[in-house]
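As provided, target22.pdb (PDB, C-alpha atoms, pLDDT in the B column) reads as follows.
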ATOM      1  CA  MET A 415      17.503  17.068  99.121  1.00 81.00           C
ATOM      2  CA  LYS A 416      17.133  15.600  95.635  1.00 88.00           C
ATOM      3  CA  THR A 417      18.523  17.822  92.916  1.00 92.00           C
ATOM      4  CA  ILE A 418      19.426  17.611  89.259  1.00 93.00           C
ATOM      5  CA  GLU A 419      22.337  19.789  88.284  1.00 95.00           C
ATOM      6  CA  ILE A 420      22.669  20.812  84.654  1.00 96.00           C
ATOM      7  CA  THR A 421      25.792  22.524  83.402  1.00 97.00           C
ATOM      8  CA  VAL A 422      25.545  24.031  79.934  1.00 98.00           C
ATOM      9  CA  ALA A 423      29.006  24.718  78.512  1.00 97.00           C
ATOM     10  CA  PRO A 424      29.752  27.749  76.312  1.00 97.00           C
ATOM     11  CA  ASP A 425      29.617  25.409  73.297  1.00 94.00           C
ATOM     12  CA  GLY A 426      26.062  24.367  74.171  1.00 94.00           C
ATOM     13  CA  SER A 427      26.858  20.858  75.369  1.00 94.00           C
ATOM     14  CA  VAL A 428      25.001  19.726  78.465  1.00 96.00           C
ATOM     15  CA  ARG A 429      26.226  17.764  81.479  1.00 96.00           C
ATOM     16  CA  LEU A 430      23.501  16.426  83.748  1.00 95.00           C
ATOM     17  CA  GLN A 431      24.203  15.147  87.243  1.00 92.00           C
ATOM     18  CA  ALA A 432      21.678  13.790  89.731  1.00 89.00           C
ATOM     19  CA  HIS A 433      22.246  14.120  93.469  1.00 86.00           C
ATOM     20  CA  GLY A 434      20.535  12.507  96.436  1.00 85.00           C
ATOM     21  CA  PHE A 435      18.734   9.746  94.550  1.00 82.00           C
ATOM     22  CA  VAL A 436      18.716   6.056  95.324  1.00 79.00           C
ATOM     23  CA  GLY A 437      19.817   3.723  92.524  1.00 75.00           C
ATOM     24  CA  ARG A 438      17.796   4.022  89.349  1.00 76.00           C
ATOM     25  CA  ASP A 439      15.543   6.747  90.766  1.00 79.00           C
ATOM     26  CA  CYS A 440      17.990   9.295  89.382  1.00 79.00           C
ATOM     27  CA  GLN A 441      17.457   8.012  85.835  1.00 79.00           C
ATOM     28  CA  GLU A 442      13.694   8.173  86.240  1.00 79.00           C
ATOM     29  CA  ALA A 443      13.810  11.671  87.711  1.00 79.00           C
ATOM     30  CA  SER A 444      16.024  13.087  84.981  1.00 84.00           C
ATOM     31  CA  ARG A 445      14.353  11.307  82.054  1.00 86.00           C
ATOM     32  CA  PHE A 446      12.219  14.320  81.113  1.00 87.00           C
ATOM     33  CA  LEU A 447      15.364  16.366  80.616  1.00 90.00           C
ATOM     34  CA  ARG A 448      17.347  13.699  78.791  1.00 88.00           C
ATOM     35  CA  GLN A 449      14.509  13.135  76.352  1.00 88.00           C
ATOM     36  CA  THR A 450      13.872  16.780  75.551  1.00 93.00           C
ATOM     37  CA  LEU A 451      17.297  18.444  75.553  1.00 95.00           C
ATOM     38  CA  GLY A 452      18.868  16.384  72.805  1.00 93.00           C
ATOM     39  CA  LYS A 453      20.857  13.231  72.321  1.00 92.00           C
ATOM     40  CA  ALA A 454      22.672  11.518  75.187  1.00 91.00           C
ATOM     41  CA  VAL A 455      26.217  10.831  73.978  1.00 90.00           C
ATOM     42  CA  ASP A 456      27.666   9.487  77.204  1.00 87.00           C
ATOM     43  CA  GLU A 457      26.336   8.136  80.483  1.00 86.00           C
ATOM     44  CA  THR A 458      28.423   7.201  83.486  1.00 85.00           C
ATOM     45  CA  LYS A 459      27.045   5.458  86.536  1.00 78.00           C
ATOM     46  CA  THR A 460      29.026   6.299  89.652  1.00 71.00           C
ATOM     47  CA  ALA A 461      29.884   4.026  92.580  1.00 67.00           C
ATOM     48  CA  GLU A 462      26.922   5.449  94.487  1.00 63.00           C
ATOM     49  CA  PHE A 463      24.548   4.141  91.832  1.00 64.00           C
ATOM     50  CA  PHE A 464      25.753   0.555  92.269  1.00 64.00           C
ATOM     51  CA  GLN A 465      26.086   0.767  96.049  1.00 59.00           C
ATOM     52  CA  THR A 466      22.507   1.829  96.484  1.00 55.00           C
ATOM     53  CA  ASN A 467      21.276  -0.808  94.031  1.00 56.00           C
ATOM     54  CA  ALA A 468      23.271  -3.455  95.870  1.00 55.00           C
ATOM     55  CA  THR A 469      21.746  -2.333  99.159  1.00 55.00           C
ATOM     56  CA  GLN A 470      18.273  -2.506  97.674  1.00 54.00           C
ATOM     57  CA  SER A 471      18.886  -6.034  96.326  1.00 52.00           C
ATOM     58  CA  GLN A 472      20.271  -7.168  99.659  1.00 55.00           C
ATOM     59  CA  GLN A 473      17.237  -5.819 101.488  1.00 53.00           C
ATOM     60  CA  ALA A 474      14.906  -7.487  99.002  1.00 53.00           C
ATOM     61  CA  ARG A 475      16.591 -10.858  99.568  1.00 54.00           C
ATOM     62  CA  GLN A 476      16.232 -10.552 103.340  1.00 55.00           C
ATOM     63  CA  HIS A 477      12.449 -10.063 103.113  1.00 51.00           C
TER      64      HIS A 477
ATOM     65  CA  MET B1483      25.754  11.776  92.662  1.00 56.00           C
ATOM     66  CA  SER B1484      24.754   8.500  91.158  1.00 69.00           C
ATOM     67  CA  HIS B1485      25.074   9.126  87.453  1.00 81.00           C
ATOM     68  CA  VAL B1486      26.323  11.688  84.955  1.00 90.00           C
ATOM     69  CA  VAL B1487      24.918  12.162  81.455  1.00 93.00           C
ATOM     70  CA  THR B1488      26.450  14.193  78.637  1.00 95.00           C
ATOM     71  CA  ILE B1489      23.917  15.478  76.122  1.00 95.00           C
ATOM     72  CA  GLU B1490      24.420  16.935  72.664  1.00 94.00           C
ATOM     73  CA  THR B1491      21.891  19.769  72.381  1.00 96.00           C
ATOM     74  CA  GLN B1492      19.279  19.470  69.627  1.00 96.00           C
ATOM     75  CA  VAL B1493      17.025  22.420  68.768  1.00 97.00           C
ATOM     76  CA  ARG B1494      13.451  21.116  68.481  1.00 97.00           C
ATOM     77  CA  ASP B1495      11.379  23.559  70.557  1.00 97.00           C
ATOM     78  CA  VAL B1496      10.245  26.869  69.075  1.00 98.00           C
ATOM     79  CA  VAL B1497       9.270  28.364  72.452  1.00 98.00           C
ATOM     80  CA  ALA B1498      12.694  27.637  73.963  1.00 98.00           C
ATOM     81  CA  ALA B1499      14.417  28.924  70.811  1.00 98.00           C
ATOM     82  CA  LYS B1500      12.481  32.189  71.059  1.00 98.00           C
ATOM     83  CA  ALA B1501      13.447  32.521  74.718  1.00 98.00           C
ATOM     84  CA  GLY B1502      17.077  31.796  73.813  1.00 98.00           C
ATOM     85  CA  CYS B1503      17.009  34.554  71.195  1.00 98.00           C
ATOM     86  CA  ARG B1504      15.506  36.988  73.721  1.00 98.00           C
ATOM     87  CA  ARG B1505      18.280  36.097  76.151  1.00 98.00           C
ATOM     88  CA  LEU B1506      20.906  36.941  73.506  1.00 98.00           C
ATOM     89  CA  ARG B1507      18.916  39.919  72.169  1.00 98.00           C
ATOM     90  CA  LEU B1508      18.675  38.364  68.731  1.00 98.00           C
ATOM     91  CA  PRO B1509      15.738  38.850  66.362  1.00 97.00           C
ATOM     92  CA  GLN B1510      12.914  36.397  66.968  1.00 97.00           C
ATOM     93  CA  PRO B1511      13.340  33.154  65.009  1.00 98.00           C
ATOM     94  CA  PHE B1512      10.764  32.055  62.461  1.00 97.00           C
ATOM     95  CA  VAL B1513       9.726  28.835  60.744  1.00 97.00           C
ATOM     96  CA  GLY B1514       9.874  28.858  56.957  1.00 97.00           C
ATOM     97  CA  ASP B1515      11.917  28.349  53.813  1.00 97.00           C
ATOM     98  CA  VAL B1516      15.280  30.041  54.071  1.00 95.00           C
ATOM     99  CA  LYS B1517      17.820  30.658  51.341  1.00 93.00           C
ATOM    100  CA  LEU B1518      21.399  29.919  52.228  1.00 93.00           C
ATOM    101  CA  PHE B1519      24.234  30.569  49.762  1.00 92.00           C
ATOM    102  CA  SER B1520      23.639  27.596  47.507  1.00 90.00           C
ATOM    103  CA  GLU B1521      20.404  25.984  48.714  1.00 93.00           C
ATOM    104  CA  THR B1522      17.027  26.658  50.251  1.00 95.00           C
ATOM    105  CA  VAL B1523      16.161  24.787  53.432  1.00 95.00           C
ATOM    106  CA  HIS B1524      13.074  24.608  55.608  1.00 97.00           C
ATOM    107  CA  GLY B1525      13.065  24.890  59.376  1.00 97.00           C
ATOM    108  CA  LEU B1526      13.426  27.239  62.311  1.00 98.00           C
ATOM    109  CA  ALA B1527      15.618  30.126  61.177  1.00 98.00           C
ATOM    110  CA  VAL B1528      17.788  31.869  63.768  1.00 98.00           C
ATOM    111  CA  ARG B1529      19.579  35.055  62.809  1.00 97.00           C
ATOM    112  CA  LEU B1530      22.865  34.914  64.679  1.00 97.00           C
ATOM    113  CA  GLN B1531      24.939  37.983  65.396  1.00 95.00           C
ATOM    114  CA  ASP B1532      27.078  39.012  62.384  1.00 95.00           C
ATOM    115  CA  TRP B1533      26.142  35.921  60.378  1.00 96.00           C
ATOM    116  CA  ARG B1534      25.422  36.417  56.689  1.00 96.00           C
ATOM    117  CA  TYR B1535      22.827  33.620  56.558  1.00 96.00           C
ATOM    118  CA  PRO B1536      20.606  32.287  59.328  1.00 97.00           C
ATOM    119  CA  ALA B1537      21.219  28.973  61.048  1.00 97.00           C
ATOM    120  CA  VAL B1538      18.244  26.743  60.257  1.00 97.00           C
ATOM    121  CA  PHE B1539      17.134  23.919  62.548  1.00 97.00           C
ATOM    122  CA  ASP B1540      15.039  20.932  61.541  1.00 97.00           C
ATOM    123  CA  LEU B1541      12.457  20.786  64.348  1.00 96.00           C
ATOM    124  CA  LYS B1542      11.974  17.018  63.917  1.00 95.00           C
ATOM    125  CA  THR B1543      15.620  16.007  64.168  1.00 94.00           C
ATOM    126  CA  GLY B1544      17.060  19.042  65.956  1.00 94.00           C
ATOM    127  CA  GLN B1545      19.918  19.187  63.458  1.00 93.00           C
ATOM    128  CA  GLY B1546      21.187  22.558  62.248  1.00 94.00           C
ATOM    129  CA  ARG B1547      21.933  23.602  58.663  1.00 93.00           C
ATOM    130  CA  PHE B1548      24.029  26.671  57.953  1.00 94.00           C
ATOM    131  CA  ASP B1549      26.628  28.121  55.637  1.00 92.00           C
ATOM    132  CA  ASN B1550      29.163  30.300  57.408  1.00 93.00           C
ATOM    133  CA  TYR B1551      31.929  29.622  54.870  1.00 91.00           C
ATOM    134  CA  ASN B1552      34.305  28.125  57.433  1.00 92.00           C
ATOM    135  CA  GLY B1553      33.840  31.098  59.727  1.00 93.00           C
ATOM    136  CA  LYS B1554      34.247  33.838  57.098  1.00 93.00           C
ATOM    137  CA  TRP B1555      30.490  34.492  57.016  1.00 95.00           C
ATOM    138  CA  GLY B1556      29.888  34.003  60.718  1.00 95.00           C
ATOM    139  CA  ALA B1557      31.882  33.088  63.803  1.00 96.00           C
ATOM    140  CA  PRO B1558      31.178  29.572  65.145  1.00 96.00           C
ATOM    141  CA  GLN B1559      31.130  31.030  68.666  1.00 97.00           C
ATOM    142  CA  ARG B1560      27.860  32.826  67.848  1.00 97.00           C
ATOM    143  CA  LEU B1561      26.229  29.482  67.070  1.00 97.00           C
ATOM    144  CA  ASP B1562      27.637  28.005  70.294  1.00 97.00           C
ATOM    145  CA  GLU B1563      26.182  30.935  72.248  1.00 97.00           C
ATOM    146  CA  PHE B1564      22.762  30.259  70.803  1.00 98.00           C
ATOM    147  CA  LEU B1565      22.957  26.531  71.579  1.00 97.00           C
ATOM    148  CA  GLN B1566      23.903  27.363  75.164  1.00 98.00           C
ATOM    149  CA  ALA B1567      21.046  29.866  75.535  1.00 98.00           C
ATOM    150  CA  TYR B1568      18.602  27.394  73.973  1.00 98.00           C
ATOM    151  CA  ALA B1569      19.661  24.549  76.275  1.00 98.00           C
ATOM    152  CA  VAL B1570      19.348  26.737  79.375  1.00 98.00           C
ATOM    153  CA  GLU B1571      15.881  27.943  78.372  1.00 98.00           C
ATOM    154  CA  LYS B1572      14.712  24.464  77.352  1.00 97.00           C
ATOM    155  CA  ALA B1573      15.864  22.850  80.599  1.00 97.00           C
ATOM    156  CA  THR B1574      14.271  25.639  82.647  1.00 97.00           C
ATOM    157  CA  LEU B1575      11.028  25.328  80.714  1.00 97.00           C
ATOM    158  CA  GLU B1576      10.853  21.550  81.147  1.00 95.00           C
ATOM    159  CA  ALA B1577      11.751  21.700  84.841  1.00 94.00           C
ATOM    160  CA  ARG B1578       9.015  24.248  85.533  1.00 94.00           C
ATOM    161  CA  ARG B1579       6.505  22.218  83.522  1.00 93.00           C
ATOM    162  CA  SER B1580       7.284  19.329  85.850  1.00 91.00           C
ATOM    163  CA  GLY B1581       6.723  21.546  88.888  1.00 92.00           C
ATOM    164  CA  HIS B1582      10.345  21.893  89.942  1.00 93.00           C
ATOM    165  CA  ALA B1583      12.136  25.017  91.172  1.00 94.00           C
ATOM    166  CA  VAL B1584      15.145  26.174  89.140  1.00 96.00           C
ATOM    167  CA  GLN B1585      18.129  28.264  90.172  1.00 97.00           C
ATOM    168  CA  GLU B1586      20.548  29.629  87.574  1.00 98.00           C
ATOM    169  CA  GLN B1587      24.183  30.536  88.090  1.00 98.00           C
ATOM    170  CA  THR B1588      26.826  31.708  85.614  1.00 98.00           C
ATOM    171  CA  LEU B1589      30.236  30.131  86.227  1.00 98.00           C
ATOM    172  CA  ALA B1590      33.671  31.693  85.746  1.00 98.00           C
ATOM    173  CA  ASP B1591      34.368  29.644  82.595  1.00 97.00           C
ATOM    174  CA  GLY B1592      31.192  30.905  80.919  1.00 97.00           C
ATOM    175  CA  SER B1593      29.162  27.789  81.625  1.00 98.00           C
ATOM    176  CA  ILE B1594      25.664  28.197  83.047  1.00 98.00           C
ATOM    177  CA  ARG B1595      24.592  25.914  85.874  1.00 98.00           C
ATOM    178  CA  LEU B1596      20.977  25.122  86.613  1.00 98.00           C
ATOM    179  CA  THR B1597      20.100  23.515  89.921  1.00 97.00           C
ATOM    180  CA  ILE B1598      16.708  21.844  89.806  1.00 95.00           C
ATOM    181  CA  GLY B1599      15.094  20.928  93.095  1.00 93.00           C
ATOM    182  CA  VAL B1600      13.119  17.773  92.383  1.00 87.00           C
ATOM    183  CA  GLY B1601       9.788  17.805  94.136  1.00 71.00           C
ATOM    184  CA  THR B1602      10.023  21.463  95.130  1.00 60.00           C
ATOM    185  CA  ALA B1603       7.467  24.014  93.946  1.00 54.00           C
ATOM    186  CA  SER B1604       8.605  26.468  91.286  1.00 48.00           C
ATOM    187  CA  GLU B1605       7.139  29.539  92.995  1.00 45.00           C
ATOM    188  CA  GLY B1606       9.241  32.580  92.315  1.00 44.00           C
ATOM    189  CA  GLY B1607      10.910  31.040  89.252  1.00 44.00           C
ATOM    190  CA  SER B1608      14.613  31.021  88.602  1.00 44.00           C
ATOM    191  CA  THR B1609      17.101  33.403  90.111  1.00 42.00           C
TER     192      THR B1609
END

Re-express the file's structure as structure tokens.
Amino acid sequence: MKTIEITVAPDGSVRLQAHGFVGRDCQEASRFLRQTLGKAVDETKTAEFFQTNATQSQQARQH
Amino acid sequence: MSHVVTIETQVRDVVAAKAGCRRLRLPQPFVGDVKLFSETVHGLAVRLQDWRYPAVFDLKTGQGRFDNYNGKWGAPQRLDEFLQAYAVEKATLEARRSGHAVQEQTLADGSIRLTIGVGTASEGGST
């Protein structure tokens, strides 16, 4: 299941995490929240992000 | 998870600000000219608990203006509480507008977690 998890700290800062997405799909899916909640001050792509992108590129080359 | 984003909350939505005030049982905010100690500013005025002057947010930039005299005229924690309530309401509002279901959970450290099911209907609203 694809989910976006938002944790709002007691000081009002927001941490957004996307789960179950492939590659850049997570950025697309969470864009509406990033654009409306405020200003993104940090963004970290995890290993999963690059693994899935690498898989996609590999598949594209094979076709 | 494939990426993590940290966002600094900016108050730019009157509807979400009103919902945030309801959540904290604060008076409803209003847009207008507001006198602080030494200046008058225009924006969305939020009357925080035990604050002498309102916190005023520029709805274009989301930036807040206030004069709490280094905490003597209002505890910073009250402003933090409002920002948290606003962010929760704003995220819930935007998720529902996009047709997603939202579940809310309060954590032991006082944080509030929203779990948004992407592509799921928002029938029944948040819990």

Give the centre and edge lengths of an axis-aligned box, in Å to one decimal, that holds all listed atoms of region 1488-1499 of chain B with 8 Å on each side, as JSON.
{"center_x": 17.9, "center_y": 21.6, "center_z": 73.6, "size_x": 33.2, "size_y": 30.7, "size_z": 26.2}

With 8 Å as the limit and counting only C-alpha atoms, what residues in chain A lie close to chain B? Please list them as a PDB file with C-alpha atoms, keeping the file's coordinate frame.
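Saved as part.pdb:
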ATOM      1  CA  MET A 415      17.503  17.068  99.121  1.00 81.00           C
ATOM      2  CA  LYS A 416      17.133  15.600  95.635  1.00 88.00           C
ATOM      3  CA  THR A 417      18.523  17.822  92.916  1.00 92.00           C
ATOM      4  CA  ILE A 418      19.426  17.611  89.259  1.00 93.00           C
ATOM      5  CA  GLU A 419      22.337  19.789  88.284  1.00 95.00           C
ATOM      6  CA  ILE A 420      22.669  20.812  84.654  1.00 96.00           C
ATOM      7  CA  THR A 421      25.792  22.524  83.402  1.00 97.00           C
ATOM      8  CA  VAL A 422      25.545  24.031  79.934  1.00 98.00           C
ATOM      9  CA  ALA A 423      29.006  24.718  78.512  1.00 97.00           C
ATOM     10  CA  PRO A 424      29.752  27.749  76.312  1.00 97.00           C
ATOM     11  CA  ASP A 425      29.617  25.409  73.297  1.00 94.00           C
ATOM     12  CA  GLY A 426      26.062  24.367  74.171  1.00 94.00           C
ATOM     13  CA  SER A 427      26.858  20.858  75.369  1.00 94.00           C
ATOM     14  CA  VAL A 428      25.001  19.726  78.465  1.00 96.00           C
ATOM     15  CA  ARG A 429      26.226  17.764  81.479  1.00 96.00           C
ATOM     16  CA  LEU A 430      23.501  16.426  83.748  1.00 95.00           C
ATOM     17  CA  GLN A 431      24.203  15.147  87.243  1.00 92.00           C
ATOM     18  CA  ALA A 432      21.678  13.790  89.731  1.00 89.00           C
ATOM     19  CA  HIS A 433      22.246  14.120  93.469  1.00 86.00           C
ATOM     20  CA  GLY A 434      20.535  12.507  96.436  1.00 85.00           C
ATOM     21  CA  PHE A 435      18.734   9.746  94.550  1.00 82.00           C
ATOM     22  CA  VAL A 436      18.716   6.056  95.324  1.00 79.00           C
ATOM     23  CA  GLY A 437      19.817   3.723  92.524  1.00 75.00           C
ATOM     24  CA  CYS A 440      17.990   9.295  89.382  1.00 79.00           C
ATOM     25  CA  GLN A 441      17.457   8.012  85.835  1.00 79.00           C
ATOM     26  CA  ALA A 443      13.810  11.671  87.711  1.00 79.00           C
ATOM     27  CA  PHE A 446      12.219  14.320  81.113  1.00 87.00           C
ATOM     28  CA  LEU A 447      15.364  16.366  80.616  1.00 90.00           C
ATOM     29  CA  ARG A 448      17.347  13.699  78.791  1.00 88.00           C
ATOM     30  CA  THR A 450      13.872  16.780  75.551  1.00 93.00           C
ATOM     31  CA  LEU A 451      17.297  18.444  75.553  1.00 95.00           C
ATOM     32  CA  GLY A 452      18.868  16.384  72.805  1.00 93.00           C
ATOM     33  CA  LYS A 453      20.857  13.231  72.321  1.00 92.00           C
ATOM     34  CA  ALA A 454      22.672  11.518  75.187  1.00 91.00           C
ATOM     35  CA  VAL A 455      26.217  10.831  73.978  1.00 90.00           C
ATOM     36  CA  ASP A 456      27.666   9.487  77.204  1.00 87.00           C
ATOM     37  CA  GLU A 457      26.336   8.136  80.483  1.00 86.00           C
ATOM     38  CA  THR A 458      28.423   7.201  83.486  1.00 85.00           C
ATOM     39  CA  LYS A 459      27.045   5.458  86.536  1.00 78.00           C
ATOM     40  CA  THR A 460      29.026   6.299  89.652  1.00 71.00           C
ATOM     41  CA  ALA A 461      29.884   4.026  92.580  1.00 67.00           C
ATOM     42  CA  GLU A 462      26.922   5.449  94.487  1.00 63.00           C
ATOM     43  CA  PHE A 463      24.548   4.141  91.832  1.00 64.00           C
TER      44      PHE A 463
END

Kindly give the distance, in Å, that separates CA of Arg1507 (chain B) and CA of Asp1532 (chain B), rounded to a single decimal.
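Going from CA of Arg1507 (chain B) over to CA of Asp1532 (chain B), I get 12.8 Å.
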
Mind checking which residues fall within 9 Å of region 1511-1521 of chain B, counting only C-alpha atoms, ignoring those fewer than 3 positions away in the same chain, and posting them as a PyMOL selection string?
chain B and resi 1496+1499-1500+1503+1508+1524-1529+1534-1538+1548-1549

Those same residues, written as a PDB file, in the frame of the given file with C-alpha atoms?
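And here's part_39.pdb as it stands now:
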ATOM      1  CA  VAL B1496      10.245  26.869  69.075  1.00 98.00           C
ATOM      2  CA  ALA B1499      14.417  28.924  70.811  1.00 98.00           C
ATOM      3  CA  LYS B1500      12.481  32.189  71.059  1.00 98.00           C
ATOM      4  CA  CYS B1503      17.009  34.554  71.195  1.00 98.00           C
ATOM      5  CA  LEU B1508      18.675  38.364  68.731  1.00 98.00           C
ATOM      6  CA  HIS B1524      13.074  24.608  55.608  1.00 97.00           C
ATOM      7  CA  GLY B1525      13.065  24.890  59.376  1.00 97.00           C
ATOM      8  CA  LEU B1526      13.426  27.239  62.311  1.00 98.00           C
ATOM      9  CA  ALA B1527      15.618  30.126  61.177  1.00 98.00           C
ATOM     10  CA  VAL B1528      17.788  31.869  63.768  1.00 98.00           C
ATOM     11  CA  ARG B1529      19.579  35.055  62.809  1.00 97.00           C
ATOM     12  CA  ARG B1534      25.422  36.417  56.689  1.00 96.00           C
ATOM     13  CA  TYR B1535      22.827  33.620  56.558  1.00 96.00           C
ATOM     14  CA  PRO B1536      20.606  32.287  59.328  1.00 97.00           C
ATOM     15  CA  ALA B1537      21.219  28.973  61.048  1.00 97.00           C
ATOM     16  CA  VAL B1538      18.244  26.743  60.257  1.00 97.00           C
ATOM     17  CA  PHE B1548      24.029  26.671  57.953  1.00 94.00           C
ATOM     18  CA  ASP B1549      26.628  28.121  55.637  1.00 92.00           C
TER      19      ASP B1549
END

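Between CA of Arg438 (chain A) and CA of Gly1581 (chain B) there is a distance of 20.7 Å.
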
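Computed from the coordinates, the CA of Ala1590 (chain B) to CA of Ala1498 (chain B) distance equals 24.4 Å.
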